[in-house]
There are 4 protein chains.
Amino acid sequence: MSVIDLNSDLGESFGVYKLGMDEQVIEHISSANIACGFHAGDPQVMNFTVQLAKKYGVGVGAHPGFADLFGFGRRKIDVSPEELENELIYQIGAMEGICKANQVKLAHVKAHGALYNLAGADSVIAQAVARAIKAVNPDLIFVALAGSELEKAGNKEGLRVAREVFADRAYNADGSLASRKEEGAVLHDFNQVAERVARMVIEGKVQAKTGEDLEIYPDTICVHGDNPEAVKLVKRIKEVLHGRGIKIKPLAFILGLV
Amino acid sequence: MSVIDLNSDLGESFGVYKLGMDEQVIEHISSANIACGFHAGDPQVMNFTVQLAKKYGVGVGAHPGFADLFGFGRRKIDVSPEELENELIYQIGAMEGICKANQVKLAHVKAHGALYNLAGADSVIAQAVARAIKAVNPDLIFVALAGSELEKAGNKEGLRVAREVFADRAYNADGSLASRKEEGAVLHDFNQVAERVARMVIEGKVQAKTGEDLEIYPDTICVHGDNPEAVKLVKRIKEVLHGRGIKIKPLAFILGLV
Amino acid sequence: MSVIDLNSDLGESFGVYKLGMDEQVIEHISSANIACGFHAGDPQVMNFTVQLAKKYGVGVGAHPGFADLFGFGRRKIDVSPEELENELIYQIGAMEGICKANQVKLAHVKAHGALYNLAGADSVIAQAVARAIKAVNPDLIFVALAGSELEKAGNKEGLRVAREVFADRAYNADGSLASRKEEGAVLHDFNQVAERVARMVIEGKVQAKTGEDLEIYPDTICVHGDNPEAVKLVKRIKEVLHGRGIKIKPLAFILGLV
Amino acid sequence: MSVIDLNSDLGESFGVYKLGMDEQVIEHISSANIACGFHAGDPQVMNFTVQLAKKYGVGVGAHPGFADLFGFGRRKIDVSPEELENELIYQIGAMEGICKANQVKLAHVKAHGALYNLAGADSVIAQAVARAIKAVNPDLIFVALAGSELEKAGNKEGLRVAREVFADRAYNADGSLASRKEEGAVLHDFNQVAERVARMVIEGKVQAKTGEDLEIYPDTICVHGDNPEAVKLVKRIKEVLHGRGIKIKPLAFILGLV
């Protein structure tokens, strides 16, 4: 594999509140997951961010989450699958509206925060996410944690699934992400992270915490743009990937849709 | 004119809160304006109401309003045209998402409450409303108070405009609605209202408070389903219209689109 | 014991949305748990309901819940104890503000919905609830499910705890409420419920689902006013209690504070 | 006059969103106006900010605004005086709850943003603000634009009114603030602003845009802490005031209450 997508969560500002360095990180990534107003983002921020992505040729995705502005979508809410499905359809539809107004095609959907974590491990919730995406538009690419219930649910619904891995997170032996509460769960050495990403793309492998190699074959790698250090790390990853002849392209290209 | 559309505001419940007699009024109308979650409605209610409209063959419209759940969208908010445009695109998009999930075509858009009133008199706000509709989907029918700035804005943007009149409201000599604060602004006599509506449809005329006839030529008549009396009035209007050979049809039919 | 408090959840309307038959049930109860705006209620509704309770000599309590208007506070939110404590202090303070504006003393606090259930079984959450009450005003009465973690937490913090039982709910052998998902969890026979309540007050006992008697010694009995049937049940309970010489009095009286 | 209060709007963060340099500006001011969760702030932020003010011996005030997180309370909402009064009582009560939990006395109330501007010019709204403060606690100091309807309403209700002036804003000949839309409405020269403030305090005068001197006699001067430049300006003002022998003290001291 000589191409990969780099995705990042953007459009997380709200009203007067600024969050993230969207204008710095956008030039280094190929897909933007844009918050839809339930846990972050608002109609103005969504519109601005879609325009920013369009300007840089970055793929636009909806990044729906729990209805929890207080908790930034990081608190699990005990929602029924039916409620969740409608809440996601609503958010994806709203993002499609903003996209249409900017003559941009909505390319993908990725669940946010506590919803992403919950759905990764819970097949009922994962299927509600997959059904919501299919209900709005079956051509949308479904970004799912590689090997998780999200990936299984996407395949079951016949969606185009993009397997996601994380650049700077340690993996358990079973392919799940090490909990942020554990020491060493987040990798901080820039060179180590960049090399790790390159190996993920070239060999389809990553070394688990426990030493063994995991086969992961990613379609997209999640990177962050929250702070200057994060942006620098993305830049380094990009440089290392380019140095190995790996091209960074949006999901539609990775999945052979364009 | 031997056909007319009857529209009513539906889907105004929220969470556990029930509002309106949607299931009673739906069988008497031809177009439903469904709240989009900013002033009323939520994803579950929207989904339920779209399914209800589909079942009864009633045209589905988005009914966006100010972001004001506290005030049910009846309080004017001093929003900029740009903010408003994005807030409307968001709401219309969300409603389109819910429609797609139910294989229903979104037919029309009608502004709610304080926004409808404000935009009816303010050309800048009216144009923001029209631009928002066009941005999401230029084929959407724009329901506008007959003779108002909304109608002008819709025509200016090249939208399909449906001229709306009110069954039970008194009109001033200039064609505007008499303020609810004035005595006699709302008509309560069922027979008077039903006859008045029939004349609006057949002759295109309504008598103003001051006695003279106004030419109004409606495409759609707004009726209410808030309480048992309102539902009875709608039923009476329907009976009188049928008695005069007038058919009740959705907006797409009225405007010659189907 | 010849006196008991009857408490009911009131003030659950929001904006234009009406919920509950507050004006019917208020004359039959002695304590009102008033929603604080996070899961239901708003400043207008709170003010109206405090005035209603004042008029009927009913004790006023704060009824805080999770920040979840969408879900009416019935969905568990994975909140940290610190967050929860501040969210509760905020809500109790807001209710005290409304009380002060009406020259009414805030008498008690009772957690709502998913929070009540969660805290009843989770000592960490229960203690956060108790700390929040103590932080605003250590004289507030803490309404706690008899025998639950809420009661233990209230005692630990040195609060005045009112032991609450439910008129129409089946009990498990360990004193916990039977889950609403089980058949027979809610009792519907008016006479059975009223007799059961009378026995709770007179003997301090209730028969568990499994047949054995539980000692419960209630200070307050939760009744409902959601619909006409519920109001009739409250009336029946009151009649039976009065027939047995049991007086219905607010919590401050029950706990010997006035 | 040899003492003055410097007040600044603090606690305007929300959830994960940070706004303002509270921890930098707090050491230079004597009163903090803390947002109450309707336009900015949340229970956690309120609690943190009250603790910060306590640590620095800064007077704590409630800074209530319109219910408009989308618009940061800067958009006028067409609210009735009764609604507004209850919304303010709710917010002030919530802030008092947070203060009690920290053993801090709530000292003052200042309206925020669009509400401050609206109430400054509209006597009906101004009186609703004054009534709300009095209803919660008649001892609260009411911070009001000097010479405005707010000041008049505070005096009418018998509140302790603190006359507020703005350090860096141009004044019209009638004592009102020059609109931010006019050129020169905001003064940017640090020395000019600091000298202007010193003269306000020492002479009770400020020069209007049109050249003439206005008598203003301030009790408190509003300064900002939004950005590093703003914090520097506050520091400069403090230095100049100290150089002239003027002490900076909280409102309770200025009004002779402690």
# chains A, B, ... in the order shown; residues from 1 in each chain; ligands from 1
$ residues_around --residues "Phe48 (chain C)" --least-positions-apart "6" --cutoff "12 Å" --atoms "only C-alpha atoms" --output "VMD selection string"
(chain C and resid 10 to 15 22 to 23 34 to 35 41 to 42 54 to 55 95 98 to 99 101 to 102) or (chain D and resid 82 to 83 86)
$ write_last_selection --atoms "C-alpha atoms" --output "mmCIF file, in the first residue's frame"
data_model
loop_
_atom_site.group_PDB
_atom_site.id
_atom_site.type_symbol
_atom_site.label_atom_id
_atom_site.label_comp_id
_atom_site.auth_asym_id
_atom_site.auth_seq_id
_atom_site.Cartn_x
_atom_site.Cartn_y
_atom_site.Cartn_z
ATOM 1 C CA LEU C 10 -44.083 18.809 40.182
ATOM 2 C CA GLY C 11 -42.993 21.648 37.938
ATOM 3 C CA GLU C 12 -42.003 19.334 35.107
ATOM 4 C CA SER C 13 -43.439 21.542 32.398
ATOM 5 C CA PHE C 14 -41.058 23.481 30.130
ATOM 6 C CA GLY C 15 -41.725 26.591 28.071
ATOM 7 C CA ASP C 22 -49.873 19.898 39.224
ATOM 8 C CA GLU C 23 -52.925 21.976 40.025
ATOM 9 C CA ILE C 34 -39.809 20.827 41.784
ATOM 10 C CA ALA C 35 -37.645 20.298 38.677
ATOM 11 C CA GLY C 41 -38.723 22.908 34.343
ATOM 12 C CA ASP C 42 -37.600 26.421 33.509
ATOM 13 C CA LYS C 54 -46.976 28.211 48.853
ATOM 14 C CA LYS C 55 -50.691 28.713 48.239
ATOM 15 C CA MET C 95 -34.251 26.789 43.224
ATOM 16 C CA ILE C 98 -36.732 31.242 43.139
ATOM 17 C CA CYS C 99 -37.845 30.378 46.688
ATOM 18 C CA ALA C 101 -38.106 35.624 45.505
ATOM 19 C CA ASN C 102 -41.355 34.134 46.811
ATOM 20 C CA GLU D 82 -41.579 38.662 33.778
ATOM 21 C CA GLU D 83 -39.624 35.977 31.946
ATOM 22 C CA ASN D 86 -37.319 34.781 36.598
#
$ interface_residues --of "chain C" --to "chain D" --cutoff "10 Å" --atoms "only C-alpha atoms" --output "ChimeraX atom specification"
/C:36-37,42-48,82-103,131-137
$ residues_around --residues "region 239-250 of chain A" --least-positions-apart "4" --cutoff "7 Å" --atoms "only C-alpha atoms" --output "CSV table (one decimal) with C-alpha atoms, in the first residue's frame"
chain,number,residue,atom,x,y,z
A,2,SER,CA,1.5,3.3,-1.0
A,3,VAL,CA,-1.3,5.7,-0.1
A,4,ILE,CA,-3.0,6.5,3.2
A,5,ASP,CA,-5.6,9.0,4.5
A,6,LEU,CA,-4.8,11.2,7.5
A,30,SER,CA,-6.6,14.6,3.8
A,31,SER,CA,-9.9,14.1,5.7
A,58,VAL,CA,-9.6,17.8,2.1
A,59,GLY,CA,-12.5,15.3,2.3
A,194,ALA,CA,6.1,8.7,12.7
A,198,ALA,CA,5.0,4.4,8.3
A,235,LYS,CA,3.8,17.5,10.0
A,254,ILE,CA,-8.1,5.2,-0.7
$ select_by_dssp --residues "region 4-223 of chain A" --states "alpha helix (DSSP H)" --output "count of residues only"
84
$ select_by_dssp --residues "region 2-236 of chain A" --states "strand (DSSP E)" --output "MDAnalysis selection string"
chainID A and resid 3:10 31:35 59:63 106:109 141:145 160:166 205:207 213:215 220:223
$ write_last_selection --atoms "C-alpha atoms" --output "PDB file, in the first residue's frame"
ATOM      1  CA  VAL A   3      -1.321   5.672  -0.091  1.00  0.00           C
ATOM      2  CA  ILE A   4      -3.006   6.489   3.191  1.00  0.00           C
ATOM      3  CA  ASP A   5      -5.550   8.955   4.514  1.00  0.00           C
ATOM      4  CA  LEU A   6      -4.805  11.199   7.483  1.00  0.00           C
ATOM      5  CA  ASN A   7      -7.971  12.259   9.307  1.00  0.00           C
ATOM      6  CA  SER A   8      -8.405  14.803  12.070  1.00  0.00           C
ATOM      7  CA  ASP A   9     -11.307  16.114  14.166  1.00  0.00           C
ATOM      8  CA  LEU A  10     -12.063  19.702  13.095  1.00  0.00           C
ATOM      9  CA  SER A  31      -9.920  14.087   5.675  1.00  0.00           C
ATOM     10  CA  ALA A  32     -11.706  16.323   8.185  1.00  0.00           C
ATOM     11  CA  ASN A  33     -14.232  14.990  10.699  1.00  0.00           C
ATOM     12  CA  ILE A  34     -16.442  18.001  11.406  1.00  0.00           C
ATOM     13  CA  ALA A  35     -18.512  18.249  14.600  1.00  0.00           C
ATOM     14  CA  GLY A  59     -12.457  15.275   2.308  1.00  0.00           C
ATOM     15  CA  VAL A  60     -15.405  16.350   4.442  1.00  0.00           C
ATOM     16  CA  GLY A  61     -16.918  14.032   7.021  1.00  0.00           C
ATOM     17  CA  ALA A  62     -19.662  14.335   9.616  1.00  0.00           C
ATOM     18  CA  HIS A  63     -18.466  13.774  13.182  1.00  0.00           C
ATOM     19  CA  LEU A 106     -20.144  14.768   2.172  1.00  0.00           C
ATOM     20  CA  ALA A 107     -17.646  11.898   2.012  1.00  0.00           C
ATOM     21  CA  HIS A 108     -17.620  10.090   5.333  1.00  0.00           C
ATOM     22  CA  VAL A 109     -18.963   9.735   8.861  1.00  0.00           C
ATOM     23  CA  ILE A 141     -17.807   6.026   3.915  1.00  0.00           C
ATOM     24  CA  PHE A 142     -17.966   4.709   7.466  1.00  0.00           C
ATOM     25  CA  VAL A 143     -14.778   5.359   9.445  1.00  0.00           C
ATOM     26  CA  ALA A 144     -14.454   2.556  12.004  1.00  0.00           C
ATOM     27  CA  LEU A 145     -11.811   1.498  14.492  1.00  0.00           C
ATOM     28  CA  ARG A 160     -17.906   1.201   2.598  1.00  0.00           C
ATOM     29  CA  VAL A 161     -15.806   0.867   5.727  1.00  0.00           C
ATOM     30  CA  ALA A 162     -12.543   2.718   6.243  1.00  0.00           C
ATOM     31  CA  ARG A 163     -10.358   0.977   8.840  1.00  0.00           C
ATOM     32  CA  GLU A 164      -8.975   3.528  11.239  1.00  0.00           C
ATOM     33  CA  VAL A 165      -5.870   3.326  13.390  1.00  0.00           C
ATOM     34  CA  PHE A 166      -4.362   5.829  15.810  1.00  0.00           C
ATOM     35  CA  LYS A 205       1.516  -4.002  11.176  1.00  0.00           C
ATOM     36  CA  VAL A 206       1.891  -2.385  14.580  1.00  0.00           C
ATOM     37  CA  GLN A 207       3.635  -3.687  17.668  1.00  0.00           C
ATOM     38  CA  ASP A 213       2.969  -7.680  15.998  1.00  0.00           C
ATOM     39  CA  LEU A 214      -0.652  -7.009  15.138  1.00  0.00           C
ATOM     40  CA  GLU A 215      -1.984  -6.975  11.586  1.00  0.00           C
ATOM     41  CA  THR A 220      -6.901   6.057   7.550  1.00  0.00           C
ATOM     42  CA  ILE A 221      -4.826   7.294  10.455  1.00  0.00           C
ATOM     43  CA  CYS A 222      -6.253   9.589  13.099  1.00  0.00           C
ATOM     44  CA  VAL A 223      -4.075  12.572  13.962  1.00  0.00           C
TER      45      VAL A 223
END
$ residues_around --residues "Met200 (chain D)" --least-positions-apart "3" --cutoff "8 Å" --atoms "only C-alpha atoms" --output "PyMOL selection string"
chain D and resi 196-197+203-206+216-218
$ residues_around --residues "Tyr171 (chain C)" --least-positions-apart "5" --cutoff "8 Å" --atoms "only C-alpha atoms" --output "list in words"
Ser176, Leu177, Ala178, Ala185, Gln207, Ala208 and Lys209 of chain C
$ closest_residue --among "D:Ile26, D:Val201, D:Ala252, D:Leu257" --to "Thr49 (chain D)" --atoms "only C-alpha atoms"
D:Ile26
$ residues_around --residues "Gly158 (chain C)" --least-positions-apart "3" --cutoff "10 Å" --atoms "only C-alpha atoms" --output "PyMOL selection string"
chain C and resi 130-131+134+138-139+152-155+161
$ write_last_selection --atoms "N, CA and C atoms" --output "short mmCIF file (atom, residue, chain, number, x, y, z; two decimals), in the first residue's frame"
data_model
loop_
_atom_site.label_atom_id
_atom_site.label_comp_id
_atom_site.auth_asym_id
_atom_site.auth_seq_id
_atom_site.Cartn_x
_atom_site.Cartn_y
_atom_site.Cartn_z
N ALA C 130 -25.13 13.93 48.38
CA ALA C 130 -25.23 14.39 49.76
C ALA C 130 -24.31 15.60 50.01
N ARG C 131 -23.10 15.54 49.47
CA ARG C 131 -22.17 16.67 49.65
C ARG C 131 -22.72 17.95 49.03
N LYS C 134 -25.39 19.42 51.30
CA LYS C 134 -24.75 20.00 52.49
C LYS C 134 -24.01 21.30 52.14
N PRO C 138 -26.83 22.95 54.91
CA PRO C 138 -26.85 21.70 55.68
C PRO C 138 -28.18 21.44 56.39
N ASP C 139 -29.06 22.43 56.40
CA ASP C 139 -30.38 22.23 57.02
C ASP C 139 -31.39 21.61 56.06
N LYS C 152 -27.65 6.03 53.19
CA LYS C 152 -26.35 5.90 53.89
C LYS C 152 -25.51 7.15 53.71
N ALA C 153 -25.48 7.68 52.49
CA ALA C 153 -24.67 8.87 52.21
C ALA C 153 -25.18 10.07 53.00
N GLY C 154 -26.50 10.19 53.08
CA GLY C 154 -27.09 11.29 53.85
C GLY C 154 -26.71 11.21 55.32
N ASN C 155 -26.78 10.01 55.86
CA ASN C 155 -26.41 9.83 57.27
C ASN C 155 -24.93 10.14 57.48
N VAL C 161 -32.19 13.05 56.96
CA VAL C 161 -32.62 12.16 55.89
C VAL C 161 -34.09 11.79 56.06
#
$ atom_distance --atom1 "CA of Ala121 (chain D)" --atom2 "CA of Leu69 (chain B)"
26.9 Å
